[in-house]
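Participant: Supplied in structure tokens, the structure appears directly below.
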Amino acid sequence: MDRAEYQNALEKALNSSAFWLEKTDFPKFKDEFRTFHTAFASLYKMLIQKKLINEDPYKHEAKMGEIKVPKPIHSEGDRKDQLTMNLSAYDNQLDFLVNFFQFSIDFLSLDNIKRILALVRYIDWSNFTADTQSSTTKVVYDLINTAKTGLEPFSVNVINEAISKLKQSTANIMGHLKMATAFNKESYKLEIRQSITGNMNDVTVEAVKKKFPGAMPKKAFYPDMVEELIKEDYSPGGDQLRNAILKQLAVPEEKPKVVKKKIDFKITLLDGLLVISSVGVALGDIAPKMDENHLLIQNRKLTFGEKLKEVFRQMFNKEPDPVIYEIEYIDPVKGVAVKEKVNFNIFRNDLDKRVRMYASFNIRNSAKAEAMDQKQLVGILEKAVRDAQSLHKTLTGLDEFFKADVPRESREKVKGIKPELATIKNAIVKANQKRHEYSAQLEEEEQLKRLGVNPVSQ
């Protein structure tokens with residue numbers, strides 16, 4: 001293949017590649033950035049909630065017109081303010097790429113590819129360890145490790161999953177950038193061939209550079225690419241280099257579409273409800289223990305004033321005063337102590353209702369389950385998990401309250417509920433796992449649809 005034939009073949013290959021990139025690869029590229037941004041945004045919000053960084057008051061006023069990489073973080077001094085601004089800017093840039101940047105041949109120029117690459121590498125998610133050489137990555141790594149302190153295992157797993165997604169997404173983005181870079185490089189070299197070297201006898205980097213401003217005034221001069229062009233067109237091994245480029249630009253052949261059977265996602269949700277139904281059994285065991293502990297508090301020796309008050313209440317047939325217990329527990333998300341006032345009689349009546357409610361979730365193979373759609377089941381499971389989390393916090397507080405406030409002479413009679421609380425906690429974790437498993441299955445099906453693979457019913 002001589003130079004003229006290669007130039008024609010290269011032009012055709014670039015046209016085919018441009019069409020394929022626009023229609024097939026760039027939409028996936030944008031989706032990959034959406035995954036990347038979603039994973040980072042979850043970590044960013046968590047750092048704000050944990051008050052390890054502040055919420056940027058000017059975040060939504062920032063003007064976005066081009067890709068701009070935030071400044072690296074070096075100092076250990078005023079780190080919180082620095083991180084607040086830089087991570088806010090990083091999140092804004094990712095949002096700009098996902099929602100405003102145009103993933104197209106015209107916009108994915110070599111300059112923009114370079115900026116995107118620097119943005120993706122701003123935090124080195126591929127080497128997110130204490131030994132990283134990136135100062136910004138090291139600061140963020142230490143910050144997230146601090147955020148994990150005191151969190152429940154489920155929340156730590158959510159953080160680890162987000163980091164894992166960022167690592168995988170980084171690798172996928174690099175693959176897309178590699179293809180876009182190869183297209184841009186060969187387009188650039190083709191333009192030089194058409195505008196400059198086609199009419200030259202003695203082709204050198206210096207000679208091309210001299211003619212470059214007049215022939216390609218709006219383009220930057222890249223001497224390394226000119227050197228590649230000279231090797232491809234004028235060196236003894238040029239044929240092999242040119243063939244390798246045409247092979248690299250070849251549009252991937254479409255593989256036969258795999259039709260995947262549609263998974264019955266209801267089974268996963270029903271499994272989650274079956275798991276969370278065990279909370280009802282634990283609550284049933286807790287209820288009589290709560291009654292006994294409550295009586296130990298109420299049957300203590302009354303003061304003269306309390307006895308007199310009780311006599312008047314009975315004389316005038318008044319309702320008993322509500323029994324309010326002030327409890328304290330650690331918020332598992334914020335890691336801080338929270339005080340709560342519990343009207344015991346109302347709480348105790350509600351406990352009996354919860355026992356019946358959780359028992360009703362054992363509907364794995366019932367007609368009731370068949371009648372429900374996935375949206376209903378998701379709503380029921382999410383509410384059941386939230387209610388169980390709330391009950392777990394309140395019951396933990398009551399357990400500690402009774403152990404501390406029952407008269408000293410009666411403390412041996414206090415009924416502890418640690419085993420039942422552990423059962424509730426395990427049920428919450430396992431039900432949440434089923435909920436996330438369902439979400440992952442749903443996401444996989446959506447990805448298949450975007451790829452043109454339409455699952456069919458079983």
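Every chain in the structure tokens has a letter given in the order shown (A, B, ...), and although residue numbers restart at 1 in each chain, ligands are simply numbered from 1 in the order shown.
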Extract, using only C-alpha atoms, all DNA, RNA and protein residues at most 6 Å from range 282-291 of chain A, discarding same-chain residues fewer than 6 positions from it, and format them as a PyMOL selection string.
Facilitator: chain A and resi 355+415+420
Participant: Enumerate, as a VMD selection string, the complete set of residues in range 116-360 of chain A that a backbone-based DSSP assignment places in strand (DSSP E or B).
Facilitator: chain A and resid 261 324 to 330 337 to 343
Participant: Which is closer to Asp224 in chain A than all the others in A:Ser278, A:Thr197, A:Thr204, A:Asn293, using only C-alpha atoms?
Facilitator: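 Checking each of A:Ser278, A:Thr197, A:Thr204, A:Asn293 against Asp224 in chain A, counting only C-alpha atoms, the winner is A:Thr204.
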Participant: Using only C-alpha atoms, which residues sit within 7 Å of Leu47 in chain A once same-chain residues fewer than 5 positions away are excluded, as a list in words?
Facilitator: Leu52, Ile53 and Ala147 of chain A
Participant: Measuring atom to atom with only C-alpha atoms, identify which of A:Lys138, A:His392, A:Lys334, A:Arg3 is nearest to Ile230 in chain A.
Facilitator: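 Going through A:Lys138, A:His392, A:Lys334, A:Arg3 one by one, the smallest distance to Ile230 in chain A is for A:Arg3.
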Participant: List the spatial neighbours of Phe347 in chain A as a PyMOL selection string - criterion: any atom at most 10 Å away, only C-alpha atoms, same-chain residues fewer than 6 positions off excluded.
Facilitator: chain A and resi 353+391+394
Participant: Deliver the residues from the most recent selection as a file, using all heavy atoms, as an mmCIF file, in the first residue's frame.
Facilitator:
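Full text of selection07.cif as output:
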data_model
loop_
_atom_site.group_PDB
_atom_site.id
_atom_site.type_symbol
_atom_site.label_atom_id
_atom_site.label_comp_id
_atom_site.auth_asym_id
_atom_site.auth_seq_id
_atom_site.Cartn_x
_atom_site.Cartn_y
_atom_site.Cartn_z
ATOM 1 N N LYS A 353 -48.894 -3.835 67.755
ATOM 2 C CA LYS A 353 -49.290 -3.681 66.348
ATOM 3 C C LYS A 353 -48.136 -4.069 65.418
ATOM 4 O O LYS A 353 -48.339 -4.678 64.367
ATOM 5 C CB LYS A 353 -49.697 -2.230 66.067
ATOM 6 C CG LYS A 353 -50.965 -1.800 66.778
ATOM 7 C CD LYS A 353 -51.258 -0.325 66.522
ATOM 8 C CE LYS A 353 -52.461 0.156 67.325
ATOM 9 N NZ LYS A 353 -52.690 1.615 67.150
ATOM 10 N N LEU A 391 -37.289 1.359 65.577
ATOM 11 C CA LEU A 391 -37.590 0.548 66.763
ATOM 12 C C LEU A 391 -36.311 0.105 67.465
ATOM 13 O O LEU A 391 -36.228 0.105 68.699
ATOM 14 C CB LEU A 391 -38.401 -0.690 66.357
ATOM 15 C CG LEU A 391 -39.901 -0.479 66.130
ATOM 16 C CD1 LEU A 391 -40.498 -1.691 65.431
ATOM 17 C CD2 LEU A 391 -40.611 -0.245 67.462
ATOM 18 N N THR A 394 -34.940 2.976 69.572
ATOM 19 C CA THR A 394 -35.751 3.247 70.766
ATOM 20 C C THR A 394 -35.616 2.130 71.794
ATOM 21 O O THR A 394 -35.466 2.390 73.000
ATOM 22 C CB THR A 394 -37.229 3.435 70.374
ATOM 23 O OG1 THR A 394 -37.332 4.490 69.406
ATOM 24 C CG2 THR A 394 -38.075 3.774 71.580
#
Participant: List the spatial neighbours of range 386-389 of chain A as an MDAnalysis selection string - criterion: any atom at most 9 Å away, only C-alpha atoms, same-chain residues fewer than 5 positions off excluded.
Facilitator: chainID A and resid 276 279 381 394 424:425 427:428
Participant: From a backbone DSSP assignment, name each residue in range 23-70 of chain A labelled alpha helix (DSSP H), as a PyMOL selection string.
Facilitator: chain A and resi 26-49
Participant: Pick from A:Ala250, A:Leu295, A:Ile123, A:Ile363: nearest to Trp20 in chain A, with only C-alpha atoms counted?
Facilitator: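 Checking each of A:Ala250, A:Leu295, A:Ile123, A:Ile363 against Trp20 in chain A, counting only C-alpha atoms, the winner is A:Ala250.
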Participant: Identify which of the residues A:Phe19, A:Ser126, A:Asp350, A:Tyr222 lies closest to Phe183 in chain A, counting only C-alpha atoms when measuring atom-to-atom distances.
Facilitator: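 Going through A:Phe19, A:Ser126, A:Asp350, A:Tyr222 one by one, the smallest distance to Phe183 in chain A is for A:Phe19.
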Participant: Between CA of Ser277 in chain A and CA of Gln433 in chain A, what is the spacing in Å?
Facilitator: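 CA of Ser277 in chain A lies 14.7 Å from CA of Gln433 in chain A.
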Participant: Name the residues in contact with Ala180 in chain A at a cut-off of 10 Å, using only C-alpha atoms, excluding same-chain residues fewer than 5 positions from it; report them as a list of chain:residue names.
Facilitator: A:Ser17, A:Ala18, A:Leu21, A:Asp25, A:Phe26, A:Ser104, A:Ile105, A:Leu108, A:Ser109, A:Leu110, A:Ile113, A:Met174, A:Gly175, A:Lys185
Participant: Using the selection just defined, write its residues with N, CA and C atoms as an mmCIF file, in the first residue's frame.
Facilitator:
data_model
loop_
_atom_site.group_PDB
_atom_site.id
_atom_site.type_symbol
_atom_site.label_atom_id
_atom_site.label_comp_id
_atom_site.auth_asym_id
_atom_site.auth_seq_id
_atom_site.Cartn_x
_atom_site.Cartn_y
_atom_site.Cartn_z
ATOM 1 N N SER A 17 -15.200 5.214 11.804
ATOM 2 C CA SER A 17 -14.952 5.301 13.246
ATOM 3 C C SER A 17 -15.733 6.445 13.872
ATOM 4 N N ALA A 18 -15.801 7.591 13.170
ATOM 5 C CA ALA A 18 -16.544 8.747 13.685
ATOM 6 C C ALA A 18 -18.015 8.396 13.878
ATOM 7 N N LEU A 21 -18.304 5.963 16.873
ATOM 8 C CA LEU A 21 -18.085 6.653 18.144
ATOM 9 C C LEU A 21 -19.301 7.473 18.548
ATOM 10 N N ASP A 25 -20.225 4.457 20.972
ATOM 11 C CA ASP A 25 -19.289 4.547 22.083
ATOM 12 C C ASP A 25 -19.538 5.760 22.984
ATOM 13 N N PHE A 26 -19.753 6.935 22.395
ATOM 14 C CA PHE A 26 -19.887 8.142 23.217
ATOM 15 C C PHE A 26 -21.102 8.107 24.141
ATOM 16 N N SER A 104 -19.194 14.369 21.778
ATOM 17 C CA SER A 104 -19.262 14.273 20.325
ATOM 18 C C SER A 104 -17.864 14.446 19.753
ATOM 19 N N ILE A 105 -17.724 14.150 18.457
ATOM 20 C CA ILE A 105 -16.432 14.286 17.770
ATOM 21 C C ILE A 105 -15.912 15.715 17.883
ATOM 22 N N LEU A 108 -14.960 16.413 21.811
ATOM 23 C CA LEU A 108 -13.926 15.579 22.432
ATOM 24 C C LEU A 108 -12.618 15.739 21.667
ATOM 25 N N SER A 109 -12.078 16.954 21.713
ATOM 26 C CA SER A 109 -10.800 17.264 21.069
ATOM 27 C C SER A 109 -9.661 16.769 21.952
ATOM 28 N N LEU A 110 -8.451 16.827 21.427
ATOM 29 C CA LEU A 110 -7.295 16.393 22.217
ATOM 30 C C LEU A 110 -7.141 17.225 23.490
ATOM 31 N N ILE A 113 -9.847 16.101 25.904
ATOM 32 C CA ILE A 113 -9.512 14.756 26.407
ATOM 33 C C ILE A 113 -8.460 14.860 27.505
ATOM 34 N N MET A 174 -11.086 5.268 31.071
ATOM 35 C CA MET A 174 -9.783 5.271 30.399
ATOM 36 C C MET A 174 -9.866 4.558 29.047
ATOM 37 N N GLY A 175 -10.655 3.492 28.993
ATOM 38 C CA GLY A 175 -10.840 2.785 27.722
ATOM 39 C C GLY A 175 -11.506 3.665 26.680
ATOM 40 N N LYS A 185 -5.862 11.661 17.104
ATOM 41 C CA LYS A 185 -4.476 11.642 16.619
ATOM 42 C C LYS A 185 -4.419 11.341 15.125
#
Participant: Considering only C-alpha atoms, state which residue in the set A:Phe101, A:Asn345, A:Leu296, A:Gln168 is at the smallest distance from Lys413 in chain A.
Facilitator: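 Looking only at the distances to Lys413 in chain A, the closest residue turns out to be A:Leu296.
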Participant: Do you have the CA of Asn201 in chain A-CA of Thr181 in chain A distance handy?
Facilitator: 29.1 Å
Participant: For CA of Tyr329 in chain A and CA of Asp399 in chain A, quote the distance in Å rounded to one decimal.
Facilitator: 10.1 Å
Participant: Within 12 Å of Lys71 in chain A, counting only C-alpha atoms, which residues qualify if same-chain residues fewer than 3 places away don't, as a list in words?
Facilitator: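 In the requested format, the answer is Lys68, His74, Ser75, Gln82, Leu83, Met85, Asn86, Leu87, Ser88, Ala89, Tyr90, Ala118, Leu119, Tyr122, Ile123, Ser135 and Thr136 of chain A.
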Participant: Rank nothing, just name the residue among A:His294, A:Leu398, A:Gly272, A:Val323 nearest to Tyr438 in chain A, using only C-alpha atoms.
Facilitator: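 Residue with the minimum atom-to-atom distance to Tyr438 in chain A: A:Gly272.
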